[in-house]
$ cat structure_39.pdb   # PDB, C-alpha atoms
ATOM      1  CA  MET A   1      37.548  25.774 -34.408
ATOM      2  CA  SER A   2      35.380  26.770 -31.462
ATOM      3  CA  GLU A   3      32.284  28.784 -32.353
ATOM      4  CA  VAL A   4      32.713  31.203 -29.444
ATOM      5  CA  SER A   5      35.746  31.622 -27.199
ATOM      6  CA  THR A   6      35.669  30.571 -23.561
ATOM      7  CA  PHE A   7      36.344  34.176 -22.607
ATOM      8  CA  ARG A   8      33.264  35.299 -24.550
ATOM      9  CA  LEU A   9      31.142  32.605 -22.876
ATOM     10  CA  TYR A  10      32.277  33.835 -19.463
ATOM     11  CA  LEU A  11      31.564  37.421 -20.501
ATOM     12  CA  LEU A  12      28.061  36.379 -21.516
ATOM     13  CA  ARG A  13      27.594  34.561 -18.206
ATOM     14  CA  ALA A  14      28.760  37.663 -16.336
ATOM     15  CA  THR A  15      26.197  39.679 -18.294
ATOM     16  CA  TYR A  16      23.396  37.270 -17.386
ATOM     17  CA  LEU A  17      24.563  37.380 -13.757
ATOM     18  CA  LEU A  18      24.457  41.186 -13.836
ATOM     19  CA  LEU A  19      20.888  41.011 -15.153
ATOM     20  CA  LEU A  20      19.930  38.464 -12.517
ATOM     21  CA  VAL A  21      21.387  40.402  -9.596
ATOM     22  CA  GLY A  22      20.372  43.861 -10.821
ATOM     23  CA  LEU A  23      16.799  42.941 -11.631
ATOM     24  CA  GLY A  24      16.596  40.598  -8.675
ATOM     25  CA  LEU A  25      17.349  43.515  -6.372
ATOM     26  CA  THR A  26      15.120  46.035  -8.157
ATOM     27  CA  ALA A  27      12.177  44.191  -9.722
ATOM     28  CA  TRP A  28      11.473  41.307  -7.386
ATOM     29  CA  PRO A  29      10.995  43.330  -4.167
ATOM     30  CA  GLY A  30       8.295  45.344  -5.948
ATOM     31  CA  ILE A  31       6.492  42.135  -6.837
ATOM     32  CA  VAL A  32       6.816  40.414  -3.490
ATOM     33  CA  HIS A  33       5.817  43.516  -1.503
ATOM     34  CA  HIS A  34       3.444  45.339  -3.865
ATOM     35  CA  LYS A  35       0.276  47.142  -2.872
ATOM     36  CA  LEU A  36      -3.104  46.526  -4.439
ATOM     37  CA  SER A  37      -3.043  50.186  -5.486
ATOM     38  CA  THR A  38       0.069  49.686  -7.656
ATOM     39  CA  PRO A  39      -0.612  51.310 -11.044
ATOM     40  CA  LEU A  40      -1.355  48.767 -13.769
ATOM     41  CA  MET A  41       1.653  49.500 -15.969
ATOM     42  CA  ASP A  42       4.034  49.566 -12.985
ATOM     43  CA  GLY A  43       2.928  46.015 -12.224
ATOM     44  CA  VAL A  44       3.300  44.971 -15.848
ATOM     45  CA  VAL A  45       6.807  46.434 -16.116
ATOM     46  CA  SER A  46       7.871  44.869 -12.809
ATOM     47  CA  SER A  47       6.563  41.491 -13.961
ATOM     48  CA  ILE A  48       8.406  41.678 -17.291
ATOM     49  CA  LEU A  49      11.667  42.712 -15.645
ATOM     50  CA  ALA A  50      11.365  39.992 -13.004
ATOM     51  CA  THR A  51      10.813  37.480 -15.804
ATOM     52  CA  VAL A  52      14.002  38.677 -17.507
ATOM     53  CA  ALA A  53      15.821  38.022 -14.215
ATOM     54  CA  VAL A  54      14.469  34.466 -14.063
ATOM     55  CA  LEU A  55      15.398  33.819 -17.701
ATOM     56  CA  ALA A  56      18.897  35.142 -16.995
ATOM     57  CA  ILE A  57      19.348  32.111 -14.728
ATOM     58  CA  ILE A  58      18.965  29.925 -17.828
ATOM     59  CA  GLY A  59      21.492  32.172 -19.587
ATOM     60  CA  LEU A  60      24.084  31.264 -16.959
ATOM     61  CA  ARG A  61      23.877  27.641 -18.094
ATOM     62  CA  TYR A  62      23.161  28.215 -21.805
ATOM     63  CA  PRO A  63      24.708  31.586 -22.685
ATOM     64  CA  LEU A  64      24.400  31.196 -26.462
ATOM     65  CA  LYS A  65      20.893  29.752 -26.475
ATOM     66  CA  MET A  66      19.653  32.693 -24.391
ATOM     67  CA  LEU A  67      21.086  35.402 -26.661
ATOM     68  CA  PRO A  68      17.544  36.519 -27.622
ATOM     69  CA  LEU A  69      17.165  37.688 -24.018
ATOM     70  CA  LEU A  70      20.119  40.020 -24.507
ATOM     71  CA  PHE A  71      18.673  41.153 -27.851
ATOM     72  CA  PHE A  72      15.422  42.009 -26.044
ATOM     73  CA  GLU A  73      17.290  44.007 -23.402
ATOM     74  CA  LEU A  74      19.430  45.827 -25.980
ATOM     75  CA  ILE A  75      16.482  46.686 -28.235
ATOM     76  CA  TRP A  76      14.027  47.900 -25.574
ATOM     77  CA  LYS A  77      16.668  50.033 -23.864
ATOM     78  CA  SER A  78      17.853  51.537 -27.154
ATOM     79  CA  THR A  79      14.264  52.194 -28.236
ATOM     80  CA  TRP A  80      13.387  53.912 -24.970
ATOM     81  CA  LEU A  81      16.550  56.025 -25.011
ATOM     82  CA  LEU A  82      16.038  57.158 -28.617
ATOM     83  CA  ALA A  83      12.252  57.537 -28.677
ATOM     84  CA  PHE A  84      11.599  58.898 -25.184
ATOM     85  CA  ALA A  85      14.725  59.981 -23.307
ATOM     86  CA  LEU A  86      16.432  61.834 -26.156
ATOM     87  CA  PRO A  87      13.430  64.066 -26.981
ATOM     88  CA  LEU A  88      12.978  64.844 -23.272
ATOM     89  CA  HIS A  89      16.670  65.679 -22.992
ATOM     90  CA  LEU A  90      16.588  67.906 -26.076
ATOM     91  CA  ALA A  91      13.548  69.716 -24.656
ATOM     92  CA  GLY A  92      15.239  70.152 -21.266
ATOM     93  CA  GLN A  93      12.484  68.157 -19.546
ATOM     94  CA  VAL A  94      14.411  65.359 -17.845
ATOM     95  CA  ASP A  95      13.152  64.922 -14.290
ATOM     96  CA  PRO A  96      14.961  62.854 -11.608
ATOM     97  CA  ASP A  97      12.934  59.681 -12.350
ATOM     98  CA  THR A  98      13.716  59.940 -16.062
ATOM     99  CA  GLN A  99      17.379  60.579 -15.265
ATOM    100  CA  GLN A 100      17.479  57.445 -13.133
ATOM    101  CA  THR A 101      15.982  55.386 -15.971
ATOM    102  CA  ILE A 102      18.433  56.885 -18.471
ATOM    103  CA  VAL A 103      21.353  55.820 -16.290
ATOM    104  CA  ALA A 104      19.888  52.311 -15.908
ATOM    105  CA  CYS A 105      19.360  51.997 -19.672
ATOM    106  CA  LEU A 106      22.844  53.294 -20.465
ATOM    107  CA  MET A 107      24.230  50.439 -18.373
ATOM    108  CA  GLY A 108      22.987  48.325 -21.296
ATOM    109  CA  ILE A 109      26.199  49.317 -23.085
ATOM    110  CA  ILE A 110      27.475  45.950 -21.887
ATOM    111  CA  PHE A 111      25.117  44.091 -24.254
ATOM    112  CA  PRO A 112      26.709  45.029 -27.593
ATOM    113  CA  ILE A 113      30.119  44.395 -26.006
ATOM    114  CA  ALA A 114      29.181  40.962 -24.634
ATOM    115  CA  ILE A 115      27.188  39.686 -27.612
ATOM    116  CA  PRO A 116      29.377  37.585 -29.961
ATOM    117  CA  TRP A 117      28.370  39.334 -33.193
ATOM    118  CA  PRO A 118      30.161  36.956 -35.613
ATOM    119  CA  TYR A 119      28.240  34.063 -33.997
ATOM    120  CA  VAL A 120      24.998  36.049 -34.254
ATOM    121  CA  TYR A 121      25.666  36.692 -37.937
ATOM    122  CA  ARG A 122      26.368  33.009 -38.630
ATOM    123  CA  LYS A 123      23.444  31.631 -36.614
ATOM    124  CA  TYR A 124      20.725  34.267 -37.046
ATOM    125  CA  ILE A 125      21.463  35.849 -40.438
ATOM    126  CA  LYS A 126      23.451  33.470 -42.621
ATOM    127  CA  GLU A 127      22.088  30.103 -41.450
ATOM    128  CA  SER A 128      18.797  28.877 -42.898
ATOM    129  CA  GLY A 129      15.789  29.317 -40.672
ATOM    130  CA  ASP A 130      13.585  26.518 -39.413
ATOM    131  CA  ARG A 131      11.053  25.172 -41.894
ATOM    132  CA  TRP A 132       7.513  26.541 -41.831
ATOM    133  CA  TRP A 133       5.616  23.331 -42.539
ATOM    134  CA  LYS A 134       6.080  19.611 -42.429
ATOM    135  CA  ALA A 135       7.405  18.168 -45.657
ATOM    136  CA  ALA A 136       5.180  15.646 -47.419
ATOM    137  CA  SER A 137       6.142  12.029 -46.716
TER     138      SER A 137
END
$ encode --input "structure_39.pdb" --output "structure tokens"
Amino acid sequence: MSEVSTFRLYLLRATYLLLLVGLGLTAWPGIVHHKLSTPLMDGVVSSILATVAVLAIIGLRYPLKMLPLLFFELIWKSTWLLAFALPLHLAGQVDPDTQQTIVACLMGIIFPIAIPWPYVYRKYIKESGDRWWKAAS
């Protein structure tokens, strides 16, 4: 029995490719052509997102080993939507920049679809974790 179907592996690879292309087109230009006056946190965010794009390249080759990258994407987008976007929406204070970020984060709907949850359960929940110390000889 195969752990994850070939279709699921290709779906994961397509997801990593989407990350690579999307972030490659949005994050990397801001790094390559930034100004010295770029606000600190804008530079930090751009650097983190560009790093996700680079790590997505590894996900193309090792889609299961790079699942934590998809977890990171799913969790930060969900957190931002629930903690920041939803209260702004409920207060009627969504500006065009926030709306653009909401749309970008909602594109993360692909992550829970692409992630092979039975595999995640077996490997990250049910399976024993790595040991914490070296056993005595």
$ residues_around --input "structure_39.pdb" --residues "A:Gly108" --least-positions-apart "6" --cutoff "9 Å" --atoms "all atoms listed in the file" --output "MDAnalysis selection string"
chainID A and resid 73:74 77:78
$ closest_residue --input "structure_39.pdb" --among "A:Tyr124, A:Trp28, A:Trp133, A:Trp80" --to "A:Lys65" --atoms "only C-alpha atoms"
A:Tyr124
$ resolve_selection --input "structure_39.pdb" --expression "the PyMOL selection byres ((chain A and resi 115) around 10)" --output "JSON, numbers by chain"
{"A": [8, 9, 11, 12, 15, 63, 64, 67, 70, 71, 110, 111, 112, 113, 114, 116, 117, 118, 119, 120]}
$ resolve_selection --input "structure_39.pdb" --expression "the PyMOL selection byres ((chain A and resi 27) around 8)" --output "list in words"
Leu23, Gly24, Leu25, Thr26, Trp28, Pro29, Gly30, Ile31, Ser46, Ser47, Leu49 and Ala50 of chain A
$ axis_aligned_box --input "structure_39.pdb" --around "stretch 27-46 of chain A" --padding-each-side "5 Å" --output "lines of an AutoDock Vina configuration file"
center_x = 4.5
center_y = 45.9
center_z = -8.8
size_x = 25.3
size_y = 20.9
size_z = 24.6
$ resolve_selection --input "structure_39.pdb" --expression "the PyMOL selection byres ((chain A and resi 57) around 10)" --output "PDB file with C-alpha atoms, in the frame of the given file"
ATOM      1  CA  ARG A  13      27.594  34.561 -18.206  1.00  0.00           C
ATOM      2  CA  TYR A  16      23.396  37.270 -17.386  1.00  0.00           C
ATOM      3  CA  LEU A  17      24.563  37.380 -13.757  1.00  0.00           C
ATOM      4  CA  LEU A  19      20.888  41.011 -15.153  1.00  0.00           C
ATOM      5  CA  LEU A  20      19.930  38.464 -12.517  1.00  0.00           C
ATOM      6  CA  VAL A  21      21.387  40.402  -9.596  1.00  0.00           C
ATOM      7  CA  VAL A  52      14.002  38.677 -17.507  1.00  0.00           C
ATOM      8  CA  ALA A  53      15.821  38.022 -14.215  1.00  0.00           C
ATOM      9  CA  VAL A  54      14.469  34.466 -14.063  1.00  0.00           C
ATOM     10  CA  LEU A  55      15.398  33.819 -17.701  1.00  0.00           C
ATOM     11  CA  ALA A  56      18.897  35.142 -16.995  1.00  0.00           C
ATOM     12  CA  ILE A  58      18.965  29.925 -17.828  1.00  0.00           C
ATOM     13  CA  GLY A  59      21.492  32.172 -19.587  1.00  0.00           C
ATOM     14  CA  LEU A  60      24.084  31.264 -16.959  1.00  0.00           C
ATOM     15  CA  ARG A  61      23.877  27.641 -18.094  1.00  0.00           C
ATOM     16  CA  TYR A  62      23.161  28.215 -21.805  1.00  0.00           C
ATOM     17  CA  PRO A  63      24.708  31.586 -22.685  1.00  0.00           C
ATOM     18  CA  MET A  66      19.653  32.693 -24.391  1.00  0.00           C
TER      19      MET A  66
END
$ atom_distance --input "structure_39.pdb" --atom1 "atom CA of A:Thr79" --atom2 "atom CA of A:Lys35"
29.4 Å
